[in-house]
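Trainee: The structure's right below; bear with me while I get my questions together.
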Amino acid sequence: MRNILGPLDRPMCPEIEAILQNYPQQDGYLLTLFRTFANSKRFLQKAVPNLLDKESPLSLRQREIVILRTTANRNCEYEWGVHVAIFAKAAGFSEAQIAATRYPEANSELWDADEHLLIRCIDQLCDQGIVEDADLHHFQQCWSLEQQLEIMALCGTYHTVSFVANTARLAGEEFGARFPAA
């Protein structure tokens, strides 16, 4: 019985391979993280894929702010680096903004007011599991109920992703970005 969490090698059993066909791949390459999810059919079916669709009520930029900040807060260079490499340009992030997602204090001069609020709320959710009273009204005014729930779901999901990647000690993908120097 294997009790060490880590990526499985291909080929895997046909049932797992069939599920993995629904995961993004580039020229047949499947991320190390997804191969790690494959240790559990249930996890593989119910984990991340449902939140990375084009039907999200959040813009790509908003979604990536949530993911980058959450994975940075959880010290998950693996997933942070994958998202920087794949989505940062399309989301329109500057190099300074990418770096700022990693720093404890998000420089408010780099973000518009709503993005800065989003970062503060993500930090509160990561640290305390709640949006503080001082920011709650503005949070509710900025985002619809569907968007609010999506923000919380992404934050929770990427906590889980970070736990998996960090516990499995996944090395960064070759194409992935690395955390900026402190």
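Residue numbering restarts at 1 in every chain; chains get A, B, ... in the order shown in the structure tokens, and ligands count up from 1 in that same order.
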Excluding region 86-89 of chain A and residues on its chain fewer than 2 positions from it, collect all residues at most 12 Å away from it, counting only C-alpha atoms, and give them as a compact mmCIF listing (two decimals) with C-alpha atoms, in the first residue's frame.

Mentor:
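File produced: result_8.txt:
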# COMPACT_ATOMS: atom_id res chain seq x y z
CA PRO A 24 -6.02 20.48 -19.28
CA GLN A 26 -0.41 20.48 -23.36
CA LEU A 52 -11.57 26.82 -13.91
CA SER A 59 -13.11 38.02 -14.83
CA LEU A 60 -9.89 36.15 -15.54
CA ARG A 61 -7.98 38.93 -13.77
CA GLN A 62 -10.15 38.75 -10.63
CA ARG A 63 -9.93 34.96 -10.57
CA GLU A 64 -6.16 35.05 -10.88
CA ILE A 65 -5.82 37.65 -8.11
CA ILE A 67 -5.58 32.27 -6.85
CA LEU A 68 -2.20 34.02 -6.78
CA GLU A 79 0.73 26.44 -7.94
CA TRP A 80 1.56 30.15 -7.80
CA GLY A 81 4.25 29.55 -10.43
CA VAL A 82 1.94 27.57 -12.73
CA HIS A 83 -0.69 30.32 -12.66
CA VAL A 84 1.86 33.09 -13.20
CA ALA A 91 -4.83 38.70 -16.99
CA GLY A 92 -2.81 41.85 -17.73
CA PHE A 93 -0.57 41.78 -14.65
CA SER A 94 2.59 43.84 -14.54
CA GLU A 95 5.78 42.30 -13.14
CA ALA A 96 5.34 44.51 -10.06
CA GLN A 97 1.79 43.24 -9.53
CA ILE A 98 2.88 39.62 -9.88
CA ALA A 99 5.59 40.15 -7.28
CA THR A 101 0.86 39.01 -4.79
CA GLU A 173 7.04 22.72 -13.22
CA PHE A 175 7.86 26.32 -17.20
CA GLY A 176 6.58 27.64 -13.85
CA ALA A 177 7.56 30.95 -12.30

Trainee: Which polymer residues have any atom within 9 Å of an atom of region 152-157 of chain A, counting only C-alpha atoms, with same-chain residues fewer than 5 positions away left out, as a ChimeraX atom specification?

Mentor: /A:47-48,51,63,66-67,69-71,122,125-126,147,162

Trainee: Given the selection you just returned, output its residues as a file containing C-alpha atoms, formatted as a PDB file, in the first residue's frame.

Mentor:
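The resulting file, out.pdb, is shown below:
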ATOM      1  CA  ALA A  47     -11.400  18.881  -6.772  1.00  0.00           C
ATOM      2  CA  VAL A  48     -10.362  21.816  -8.974  1.00  0.00           C
ATOM      3  CA  LEU A  51     -13.816  26.188 -10.916  1.00  0.00           C
ATOM      4  CA  ARG A  63      -9.933  34.956 -10.567  1.00  0.00           C
ATOM      5  CA  VAL A  66      -7.691  35.266  -5.817  1.00  0.00           C
ATOM      6  CA  ILE A  67      -5.578  32.273  -6.852  1.00  0.00           C
ATOM      7  CA  ARG A  69      -2.847  35.657  -3.418  1.00  0.00           C
ATOM      8  CA  THR A  70      -4.232  32.475  -1.848  1.00  0.00           C
ATOM      9  CA  THR A  71      -1.362  30.283  -3.048  1.00  0.00           C
ATOM     10  CA  ILE A 122      -8.540  37.200   0.452  1.00  0.00           C
ATOM     11  CA  LEU A 125     -10.346  34.781   4.478  1.00  0.00           C
ATOM     12  CA  CYS A 126      -6.965  33.021   4.515  1.00  0.00           C
ATOM     13  CA  GLN A 147     -19.152  36.424  -7.420  1.00  0.00           C
ATOM     14  CA  SER A 162      -1.704  24.325  -1.811  1.00  0.00           C
TER      15      SER A 162
END

Trainee: Expressed in Å to a single decimal, how great is the separation between CA of Arg169 (chain A) and CA of Ala72 (chain A)?

Mentor: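 Distance between the two atoms: 15.5 Å.
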
Trainee: Please tabulate, as CSV, the residues of region 78-170 of chain A that come within 8 Å of region 1-12 of chain A, each with its closest pair of atoms and the distance in Å to one decimal, counting only C-alpha atoms and ordering rows by chain, then residue number upward.

Mentor:
residue,atom,partner,partner_atom,distance
A:Thr167,CA,A:Leu5,CA,7.4
A:Ala168,CA,A:Gly6,CA,5.1
A:Arg169,CA,A:Gly6,CA,7.8
A:Leu170,CA,A:Gly6,CA,7.5

Trainee: One decimal, in Å: what's the spacing between CA of Leu44 (chain A) and CA of Glu15 (chain A)?

Mentor: 11.1 Å

Trainee: Let me make sure I understand: among A:Tyr103, A:Gly129, A:Gln25, A:Ala134, which one has the smallest atom-to-atom distance to Leu117 (chain A) if we use only C-alpha atoms?

Mentor: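 For Leu117 (chain A), the nearest of the given residues is A:Ala134.
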
Trainee: Looking only at alpha helix (DSSP H) from DSSP on the backbone, list the matching residues of region 121-180 of chain A as a PyMOL selection string.

Mentor: chain A and resi 121-128+133-142+145-167

Trainee: So, with only C-alpha atoms as the atoms that count, which of A:His159, A:Lys46, A:His138, A:Arg178 lies closest to Arg74 (chain A)?

Mentor: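 Among A:His159, A:Lys46, A:His138, A:Arg178, it is A:His159 that comes nearest to Arg74 (chain A).
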
Trainee: Rank A:His137, A:Lys41, A:Arg120, A:Lys54 by their smallest atom-to-atom distance to Ala106 (chain A), using only C-alpha atoms, and report the top residue only.

Mentor: A:Arg120

Trainee: For Thr160 (chain A), which residue among A:Ala38, A:Asp27, A:Cys76, A:Ala113 is the nearest when counting only C-alpha atoms?

Mentor: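 Smallest distance to Thr160 (chain A) is found for A:Cys76.
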